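Source file: run_17.cif; contents: mmCIF, C-alpha atoms.
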```
data_input
loop_
_atom_site.label_atom_id
_atom_site.label_comp_id
_atom_site.auth_asym_id
_atom_site.auth_seq_id
_atom_site.Cartn_x
_atom_site.Cartn_y
_atom_site.Cartn_z
CA MET A 26 -13.31 -3.18 -36.96
CA ILE A 27 -10.30 -5.11 -35.65
CA ALA A 28 -8.64 -1.85 -34.71
CA GLN A 29 -11.73 -0.81 -32.76
CA ARG A 30 -11.68 -4.05 -30.81
CA LEU A 31 -7.98 -3.73 -30.09
CA LEU A 32 -8.42 -0.18 -28.86
CA GLY A 33 -11.23 -1.43 -26.64
CA ILE A 34 -8.72 -3.70 -24.87
CA LEU A 35 -6.97 -0.62 -23.56
CA GLU A 36 -10.07 0.34 -21.61
CA ASP A 37 -9.54 -2.74 -19.44
CA VAL A 38 -6.70 -0.83 -17.82
CA GLY A 39 -8.07 1.18 -14.91
CA GLY A 40 -8.15 4.92 -15.61
CA VAL A 41 -8.16 4.67 -19.41
CA LEU A 42 -10.89 6.90 -20.90
CA GLY A 43 -10.37 6.23 -24.59
CA SER A 44 -7.85 5.94 -27.39
CA PHE A 45 -7.23 6.84 -30.99
CA VAL A 46 -4.66 6.27 -33.70
CA VAL A 47 -2.96 9.09 -35.58
CA ALA A 48 -0.98 8.76 -38.81
CA PRO A 49 2.45 10.42 -38.82
CA GLU A 50 1.10 13.17 -41.07
CA GLY A 51 -1.82 13.87 -38.71
CA ALA A 52 -4.79 11.92 -40.08
CA LEU A 53 -7.09 10.25 -37.57
CA LEU A 54 -7.01 6.56 -38.49
CA ALA A 55 -9.08 4.90 -35.76
CA ARG A 56 -10.82 5.92 -32.58
CA ALA A 57 -12.43 4.44 -29.51
CA MET A 58 -13.30 7.55 -27.58
CA PRO A 59 -16.26 8.46 -25.36
CA ALA A 60 -19.28 9.95 -27.14
CA GLU A 61 -18.61 13.52 -25.98
CA TYR A 62 -15.54 13.74 -28.22
CA ASP A 63 -16.96 14.49 -31.66
CA ALA A 64 -15.12 13.39 -34.77
CA ALA A 65 -14.33 16.87 -36.12
CA ASN A 66 -12.83 18.05 -32.86
CA LEU A 67 -10.85 14.86 -32.47
CA GLU A 68 -9.44 15.12 -36.00
CA LEU A 69 -8.20 18.61 -35.20
CA THR A 70 -6.66 17.40 -31.95
CA ALA A 71 -5.03 14.47 -33.72
CA SER A 72 -3.41 16.78 -36.27
CA ARG A 73 -2.07 18.97 -33.46
CA VAL A 74 -0.63 15.97 -31.68
CA ALA A 75 1.06 14.94 -34.91
CA ARG A 76 2.49 18.44 -35.33
CA VAL A 77 4.05 18.32 -31.86
CA LEU A 78 5.59 14.96 -32.63
CA GLN A 79 6.82 16.18 -36.03
CA CYS A 80 8.42 19.20 -34.37
CA SER A 81 10.25 16.91 -31.99
CA ALA A 82 11.36 14.59 -34.80
CA ALA A 83 12.57 17.52 -36.91
CA ASN A 84 14.87 18.56 -34.07
CA GLY A 85 16.47 15.16 -33.61
CA VAL A 86 14.11 13.55 -31.09
CA PRO A 87 11.88 11.19 -33.12
CA PRO A 88 9.38 10.23 -30.43
CA GLN A 89 8.80 6.61 -29.55
CA ASP A 90 6.92 7.33 -26.32
CA GLY A 91 5.43 10.48 -24.95
CA VAL A 92 3.12 11.91 -22.32
CA PHE A 93 1.04 15.06 -22.37
CA ASP A 94 0.23 15.80 -18.74
CA PHE A 95 -2.95 17.83 -18.31
CA GLY A 96 -3.03 17.63 -14.52
CA GLU A 97 -6.40 15.89 -14.24
CA GLY A 98 -5.60 13.60 -17.13
CA LYS A 99 -2.88 12.42 -19.46
CA LEU A 100 -2.49 11.63 -23.10
CA TRP A 101 -0.03 8.80 -23.46
CA ILE A 102 1.50 8.22 -26.90
CA ARG A 103 3.32 5.28 -28.40
CA GLU A 104 4.79 5.01 -31.84
CA PHE A 105 3.99 1.97 -33.97
CA LEU A 106 4.38 0.90 -37.56
CA ARG A 107 1.51 2.95 -39.01
CA GLY A 108 1.62 6.00 -36.80
CA TYR A 109 0.97 6.82 -33.16
CA LEU A 110 -1.31 5.16 -30.67
CA CYS A 111 -2.75 7.81 -28.33
CA VAL A 112 -4.41 6.83 -25.06
CA LEU A 113 -6.42 9.31 -23.01
CA CYS A 114 -6.42 8.42 -19.34
CA SER A 115 -7.04 9.90 -15.92
CA ALA A 116 -4.19 11.18 -13.76
CA ASN A 117 -4.17 8.15 -11.48
CA VAL A 118 -3.75 5.55 -14.21
CA ASP A 119 -1.32 2.75 -13.58
CA MET A 120 1.37 3.69 -16.08
CA ARG A 121 3.05 0.31 -15.91
CA SER A 122 -0.11 -1.57 -16.86
CA LEU A 123 -0.86 0.98 -19.53
CA ARG A 124 2.61 0.65 -21.05
CA LEU A 125 2.40 -3.12 -21.18
CA THR A 126 -1.10 -3.22 -22.63
CA ALA A 127 -0.45 -0.45 -25.13
CA ARG A 128 2.66 -2.21 -26.36
CA LEU A 129 0.63 -5.35 -27.08
CA VAL A 130 -2.14 -3.38 -28.78
CA ALA A 131 0.31 -1.36 -30.87
CA ARG A 132 1.99 -4.55 -32.08
CA SER A 133 -1.33 -6.16 -32.94
CA LEU A 134 -2.80 -3.26 -34.90
CA PRO A 135 -3.12 -4.22 -38.57
CA ALA A 136 -1.01 -2.56 -41.23
CA GLU A 137 -4.09 -1.27 -43.04
CA LEU A 138 -6.41 0.83 -40.87
CA MET B 9 22.53 7.53 38.47
CA ALA B 10 23.73 10.42 40.63
CA HIS B 11 26.91 11.95 39.30
CA PRO B 12 29.09 14.62 40.92
CA PHE B 13 29.13 16.66 37.76
CA GLY B 14 25.45 16.56 37.07
CA GLN B 15 23.82 15.12 34.07
CA VAL B 16 22.47 16.20 30.80
CA ILE B 17 19.21 14.75 29.66
CA VAL B 18 19.28 14.59 25.95
CA PRO B 19 16.08 14.77 23.96
CA ILE B 20 16.97 12.15 21.47
CA GLU B 21 15.77 10.16 18.57
CA ALA B 22 17.18 6.70 18.80
CA ARG B 23 16.96 3.61 16.73
CA TYR B 24 18.52 0.22 17.01
CA ARG B 25 20.58 -0.97 14.12
CA ALA B 26 21.11 -4.67 13.81
CA LYS B 27 24.86 -4.49 13.38
CA GLY B 28 25.85 -1.03 14.42
CA GLY B 29 24.27 -0.82 17.85
CA TRP B 30 22.32 2.24 18.77
CA SER B 31 22.33 5.19 16.50
CA ALA B 32 20.87 8.37 17.82
CA CYS B 33 20.80 12.05 17.26
CA GLY B 34 19.43 14.81 19.35
CA GLU B 35 20.02 18.21 20.76
CA LEU B 36 21.89 18.71 23.97
CA GLY B 37 20.56 21.01 26.63
CA ALA B 38 21.81 24.33 27.90
CA GLN B 39 25.06 23.06 29.38
CA LEU B 40 26.51 21.87 26.13
CA ARG B 41 24.46 23.88 23.69
CA GLY B 42 25.25 21.96 20.60
CA VAL B 43 23.45 19.80 18.12
CA VAL B 44 25.09 16.44 18.22
CA GLN B 45 24.95 13.21 16.42
CA VAL B 46 25.89 10.21 18.50
CA ASN B 47 26.69 6.61 17.85
CA CYS B 48 27.02 4.24 20.75
CA ARG B 49 27.70 0.60 21.10
CA PRO B 50 27.68 -1.80 24.00
CA LEU B 51 30.84 -2.03 26.05
CA HIS B 52 30.88 -5.77 25.86
CA ASN B 53 31.33 -7.75 22.68
CA GLY B 54 28.14 -9.71 22.66
CA PRO B 55 24.68 -8.49 21.77
CA CYS B 56 22.76 -6.30 24.19
CA SER B 57 20.78 -8.11 26.81
CA ASP B 58 18.07 -6.62 28.93
CA GLU B 59 20.20 -6.34 32.10
CA PRO B 60 20.70 -2.70 33.01
CA SER B 61 24.47 -3.07 33.26
CA SER B 62 24.79 -4.17 29.70
CA ARG B 63 23.11 -1.03 28.46
CA GLN B 64 25.96 1.10 29.59
CA SER B 65 27.60 2.22 26.41
CA HIS B 66 30.17 4.55 25.11
CA ILE B 67 28.92 7.48 23.21
CA GLU B 68 30.68 9.34 20.48
CA ALA B 69 29.31 12.79 20.21
CA VAL B 70 29.88 14.85 17.14
CA SER B 71 29.18 18.51 17.19
CA THR B 72 28.02 20.45 14.19
CA ARG B 73 29.09 23.61 15.98
CA SER B 74 32.69 24.33 15.24
CA TRP B 75 33.55 25.61 18.70
CA TRP B 76 32.32 22.58 20.55
CA HIS B 77 35.09 20.07 20.36
CA TRP B 78 35.61 18.60 23.81
CA SER B 79 32.84 16.16 24.54
CA PHE B 80 33.61 13.08 22.59
CA ALA B 81 33.70 10.23 25.05
CA LEU B 82 30.73 10.33 27.31
CA PRO B 83 29.39 7.47 29.37
CA ILE B 84 25.87 6.88 28.37
CA TYR B 85 23.02 5.13 30.06
CA ALA B 86 20.25 4.22 27.73
CA TYR B 87 16.94 3.50 29.38
CA ARG B 88 15.36 1.67 26.60
CA SER B 89 14.95 -2.01 26.12
CA ARG B 90 16.47 -3.44 23.01
CA PRO B 91 14.08 -4.50 20.26
CA LYS B 92 12.70 -7.98 20.17
CA ASN B 93 13.44 -10.12 17.13
CA GLY B 94 11.84 -8.58 14.10
CA GLU B 95 10.61 -5.52 15.95
CA VAL B 96 11.09 -2.24 14.17
CA MET B 97 12.11 0.53 16.52
CA LYS B 98 10.50 3.87 15.96
CA PRO B 99 12.25 7.12 16.84
CA THR B 100 11.37 8.20 20.32
CA SER B 101 12.02 11.22 22.43
CA ALA B 102 13.30 11.44 25.96
CA LYS B 103 10.01 12.92 27.03
CA SER B 104 8.00 9.96 25.88
CA VAL B 105 9.75 6.62 26.19
CA GLY B 106 13.48 6.64 26.45
CA HIS B 107 16.24 8.66 27.98
CA LEU B 108 19.83 9.04 27.10
CA ARG B 109 21.60 10.59 30.01
CA ALA B 110 25.00 11.80 29.04
CA VAL B 111 27.34 12.67 31.89
CA PRO B 112 30.27 14.76 30.69
CA ARG B 113 33.70 14.01 32.03
CA GLN B 114 34.55 17.20 33.78
CA GLU B 115 38.25 16.51 34.05
CA GLU B 116 38.63 16.12 30.32
CA ALA B 117 36.76 19.22 29.45
CA PRO B 118 39.35 21.88 30.34
CA ALA B 119 42.11 20.06 28.53
CA ARG B 120 40.08 19.75 25.39
CA ALA B 121 38.75 23.24 25.70
CA SER B 122 42.28 24.52 25.75
CA GLN B 123 42.90 23.17 22.27
CA SER B 124 43.11 25.73 19.58
CA PRO B 125 39.85 26.15 17.70
CA SER B 126 41.87 26.32 14.53
CA GLU B 127 42.64 22.61 14.87
CA GLU B 128 39.04 21.82 14.19
CA PRO B 129 37.73 21.77 10.67
CA ARG B 130 34.93 24.24 10.18
CA THR B 131 33.02 22.49 7.47
CA SER B 132 30.49 19.68 7.61
CA VAL B 133 30.11 17.20 10.46
CA VAL B 134 33.40 16.00 11.86
CA ARG B 135 34.59 13.59 14.45
CA LYS B 136 37.68 13.57 16.56
CA VAL B 137 39.04 10.06 16.32
CA ASP B 138 41.30 8.71 18.98
CA ALA B 139 43.55 5.74 18.39
CA ARG B 140 41.79 3.25 20.64
CA ARG B 141 38.31 3.94 19.38
CA ALA B 142 39.52 4.15 15.81
CA ALA B 143 40.84 0.61 16.08
CA THR B 144 37.45 -0.60 17.29
CA SER B 145 35.50 1.28 14.69
CA ARG B 146 37.78 0.02 11.93
CA ARG B 147 36.62 -3.45 12.81
CA GLU B 148 33.01 -2.37 12.55
CA SER B 149 33.16 -0.34 9.41
CA ALA B 150 35.36 -0.19 6.40
CA ALA B 151 35.63 3.59 6.63
CA PRO B 152 39.25 4.60 6.80
CA SER B 153 40.34 6.57 9.82
CA THR B 154 43.92 7.52 10.45
CA GLY B 155 43.33 9.74 13.45
CA GLY B 156 42.57 13.42 13.62
CA TRP B 157 39.47 14.94 12.17
CA ARG B 158 37.54 13.30 9.45
CA CYS B 159 34.35 14.27 7.73
CA LEU B 160 31.38 12.10 8.55
CA GLU B 161 29.59 13.13 5.36
CA SER B 162 32.35 12.20 2.98
CA ALA B 163 30.34 9.29 1.56
CA GLN B 164 27.56 11.61 0.42
CA PRO B 165 27.85 12.91 -3.12
CA ALA B 166 28.60 16.56 -3.34
CA ALA B 167 25.82 18.75 -4.65
CA ARG B 168 26.32 19.56 -8.28
CA ASN B 169 26.48 23.18 -9.03
CA THR B 170 25.66 24.80 -12.32
CA SER B 171 29.23 24.77 -13.57
CA GLU B 172 29.34 20.95 -13.28
CA ARG B 173 26.18 20.42 -15.34
CA ASP B 174 26.33 17.83 -18.07
CA PRO B 175 27.29 19.63 -21.29
CA SER B 176 25.18 17.32 -23.44
CA VAL B 177 21.95 18.46 -21.73
CA THR B 178 20.32 21.63 -22.96
CA ILE B 179 18.08 23.69 -20.71
CA ALA B 180 16.04 26.59 -21.95
CA GLN B 181 13.63 28.84 -20.15
CA VAL B 182 11.32 30.97 -22.27
CA SER B 183 8.36 33.16 -21.50
CA THR B 184 4.95 32.33 -22.94
CA ASN B 185 5.29 35.23 -25.38
CA GLY B 186 8.48 33.78 -26.85
CA GLU B 187 11.10 35.74 -24.95
CA ARG B 188 14.24 33.75 -24.28
CA LEU B 189 14.99 33.99 -20.55
CA ARG B 190 17.75 31.48 -20.13
CA HIS B 191 19.54 29.01 -22.32
CA SER B 192 22.43 26.66 -21.76
CA GLY B 193 23.65 23.70 -23.75
CA PRO B 194 24.32 22.76 -27.34
CA ASP B 195 20.76 22.62 -28.76
CA GLU B 196 20.05 26.06 -30.18
CA TRP B 197 16.64 24.96 -31.46
CA LEU B 198 15.25 24.23 -28.00
CA PRO B 199 13.75 27.61 -26.98
CA GLU B 200 11.82 27.96 -30.23
CA ALA B 201 10.69 24.34 -30.22
CA ALA B 202 9.65 24.61 -26.58
CA GLU B 203 7.43 27.58 -27.27
CA PHE B 204 5.79 25.79 -30.21
CA VAL B 205 5.30 22.54 -28.30
CA HIS B 206 3.83 24.43 -25.35
CA ARG B 207 1.31 26.24 -27.56
CA ALA B 208 0.31 23.16 -29.49
CA ALA B 209 0.01 21.12 -26.30
CA LEU B 210 -2.31 23.73 -24.83
CA LEU B 211 -4.54 23.40 -27.89
CA VAL B 212 -4.46 19.61 -27.57
CA ALA B 213 -5.50 19.99 -23.93
CA HIS B 214 -8.42 22.23 -24.88
CA GLY B 215 -9.46 19.81 -27.62
CA LEU B 216 -9.61 16.96 -25.12
CA GLY B 217 -11.53 18.98 -22.52
CA PHE B 218 -8.72 20.08 -20.22
CA GLU B 219 -7.78 23.60 -19.19
CA ARG B 220 -4.04 23.43 -19.49
CA CYS B 221 -1.10 21.21 -20.28
CA LEU B 222 1.40 20.98 -17.46
CA SER B 223 4.08 19.15 -19.35
CA VAL B 224 4.99 17.28 -22.49
CA CYS B 225 7.69 14.66 -22.38
CA LEU B 226 8.81 12.84 -25.53
CA ARG B 227 11.37 10.09 -25.68
CA GLY B 228 13.25 9.14 -28.81
CA PRO B 229 15.63 6.22 -29.32
CA SER B 230 18.53 8.11 -27.80
CA SER B 231 17.27 11.50 -26.71
CA VAL B 232 14.52 13.17 -24.72
CA LEU B 233 12.59 16.40 -25.06
CA SER B 234 10.64 17.72 -22.09
CA VAL B 235 8.64 20.94 -21.98
CA SER B 236 6.82 21.96 -18.84
CA ASP B 237 5.13 24.89 -17.16
CA ALA B 238 7.43 26.62 -14.69
CA GLY B 239 5.01 29.35 -13.68
CA PRO B 240 2.14 31.32 -15.14
CA THR B 241 4.29 32.91 -17.84
CA THR B 242 7.37 30.70 -17.95
CA ILE B 243 8.16 27.52 -19.82
CA MET B 244 11.05 25.29 -18.89
CA SER B 245 12.39 22.86 -21.44
CA VAL B 246 15.11 20.25 -21.33
CA ALA B 247 16.64 18.17 -24.11
CA GLY B 248 19.43 15.66 -23.95
CA PRO B 249 20.47 12.03 -24.00
CA VAL B 250 18.20 9.41 -22.45
CA ALA B 251 20.86 8.32 -19.98
CA GLN B 252 21.23 11.80 -18.53
CA LEU B 253 17.49 12.46 -18.34
CA SER B 254 16.29 9.13 -17.02
CA ASN B 255 14.98 10.80 -13.88
CA VAL B 256 12.76 13.02 -16.03
CA LEU B 257 11.38 9.97 -17.82
CA ARG B 258 10.76 8.22 -14.55
CA LYS B 259 8.99 11.22 -13.13
CA ARG B 260 6.70 11.43 -16.16
CA GLY B 261 5.95 7.72 -16.02
CA ILE B 262 7.54 6.90 -19.37
CA LYS B 263 10.31 4.77 -17.92
#
```
What does the file become when written as structure tokens?
Amino acid sequence: MIAQRLLGILEDVGGVLGSFVVAPEGALLARAMPAEYDAANLELTASRVARVLQCSAANGVPPQDGVFDFGEGKLWIREFLRGYLCVLCSANVDMRSLRLTARLVARSLPAEL
Amino acid sequence: MAHPFGQVIVPIEARYRAKGGWSACGELGAQLRGVVQVNCRPLHNGPCSDEPSSRQSHIEAVSTRSWWHWSFALPIYAYRSRPKNGEVMKPTSAKSVGHLRAVPRQEEAPARASQSPSEEPRTSVVRKVDARRAATSRRESAAPSTGGWRCLESAQPAARNTSERDPSVTIAQVSTNGERLRHSGPDEWLPEAAEFVHRAALLVAHGLGFERCLSVCLRGPSSVLSVSDAGPTTIMSVAGPVAQLSNVLRKRGIK
């Protein structure tokens, strides 16, 4: 419940569409995504995101920050204690505001999700 | 303004620099046939006033054509009022607002034309510096000038070619079907990882309702991995230290 509220804070940043939290091994821990993203599909996407990050870590680049650029949108990723905070946003999002807000949210997320 | 040797009206872009006087560049007409860059300053020591006489300036013309090496001290008459305090001068052309009328000194031309073309450097933009003007310009700028030709572009960093590339940065280009097209640098794992990341990122894009993934950029504590589309069937990937790839991070909005 707390995690949901914290993820909701991210939507105050203009251009943010939703967010979710992925465990390092790929499990979907929390989500605050629009209704059109169903849980099953999102779990699959979360595991794929985790696999990309694991691939990077296995080759000596353990990711702390990352961006998937889809052209019309972006998936911004930040590592935190329990896994990765993923934020889905439109292309014109203010990255500076997003970085600052996401850092606060990532720090505030509870250890147990 | 009549002059026995005629005049050359120079289409010119001019701007006023607070300390350096007028700086202008333009293309000379048919008589001189050269692209020149000019810097002029008032003949008197004080700031420009609006009296016509004070706008008479010396012009230093620099040719980018190697054969044109004789017109370096031209009297110049600038028909443009100096900017008011705080006014930003926009580039103008001779056709619209301002004129720079450069009258070549005919008597100097043959002497200079008789110089051997081999005396003139054939690379970059150069300036013939004479002793008197060099002394003045030394006061205005810290650029060293000991006479003779000097390169006006020496302050600009030379373009890095592929042989000077940072050895700690790895670049790999692979096709979408896994063929290794190009690889340089120490990280042998990069082509394979790039192909995997590209495929997985495409699936992530589809899962989130997008058609394609243009790029993935991941930053670690000390290193960066970037994989991006470089065409319909080509993937470009870069890996290396954060310091060397900070421009990549900035471009992706991570930094």
Quiz item: In file coordinates, which residues lie within 12 Å of (-2.8, 12.7, -11.1) using all atoms listed in the file, given as an MDAnalysis selection string?
Solution: (chainID A and resid 40 94:99 114:120) or (chainID B and resid 222 260:261)
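All of the residues in chain B within 6 Å of chain A are Val205, Val212, Gly215, Arg220, Cys221, Leu222, Ser223, Val224, Cys225, Leu226, Arg227, Gly228 and Ser231 of chain B, where only C-alpha atoms were counted.
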Pull C-alpha atoms from the residues just selected and write them as an mmCIF file, keeping the file's coordinate frame.
```
data_model
loop_
_atom_site.group_PDB
_atom_site.id
_atom_site.type_symbol
_atom_site.label_atom_id
_atom_site.label_comp_id
_atom_site.auth_asym_id
_atom_site.auth_seq_id
_atom_site.Cartn_x
_atom_site.Cartn_y
_atom_site.Cartn_z
ATOM 1 C CA VAL B 205 5.300 22.540 -28.300
ATOM 2 C CA VAL B 212 -4.460 19.610 -27.570
ATOM 3 C CA GLY B 215 -9.460 19.810 -27.620
ATOM 4 C CA ARG B 220 -4.040 23.430 -19.490
ATOM 5 C CA CYS B 221 -1.100 21.210 -20.280
ATOM 6 C CA LEU B 222 1.400 20.980 -17.460
ATOM 7 C CA SER B 223 4.080 19.150 -19.350
ATOM 8 C CA VAL B 224 4.990 17.280 -22.490
ATOM 9 C CA CYS B 225 7.690 14.660 -22.380
ATOM 10 C CA LEU B 226 8.810 12.840 -25.530
ATOM 11 C CA ARG B 227 11.370 10.090 -25.680
ATOM 12 C CA GLY B 228 13.250 9.140 -28.810
ATOM 13 C CA SER B 231 17.270 11.500 -26.710
#
```
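Residue neighbourhood of Leu138 in chain A, excluding near-sequence residues (fewer than 2 positions): Ala28, Leu54, Ala55, Pro135 and Ala136 of chain A, at 8 Å, using only C-alpha atoms.
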Exercise. Can you work out the spacing between CA of Leu129 in chain A and CA of Ala60 in chain A in Å, to one decimal?
Key: 25.1 Å
Quiz prompt | Within 12 Å of Ile27 in chain A using only C-alpha atoms, minus same-chain residues under 3 positions, as a list in words | solution = Arg30, Leu31, Leu32, Gly33, Ile34, Ala55, Arg56, Ala57, Val130, Ser133, Leu134, Pro135, Ala136, Glu137 and Leu138 of chain A
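For the file at hand, the PyMOL selection byres ((chain B and resi 181) around 9) resolves to B:Ile179, B:Ala180, B:Val182, B:Ser183, B:Glu187, B:Arg188, B:Leu189, B:Arg190, B:His191, B:Pro199, B:Ala202, B:Ala238, B:Thr242, B:Ile243, B:Met244, B:Ser245, B:Val246.
Proximity ranking of B:Ala251, B:Leu216, B:Arg258, B:Thr184 relative to Ser236 in chain B places B:Thr184 first, based on all atoms listed in the file.
As for CA of Phe105 in chain A and CA of Ala247 in chain B, they are spaced 22.8 Å apart.
Between CA of Gly193 in chain B and CA of Tyr109 in chain A the interatomic distance comes to 29.8 Å.
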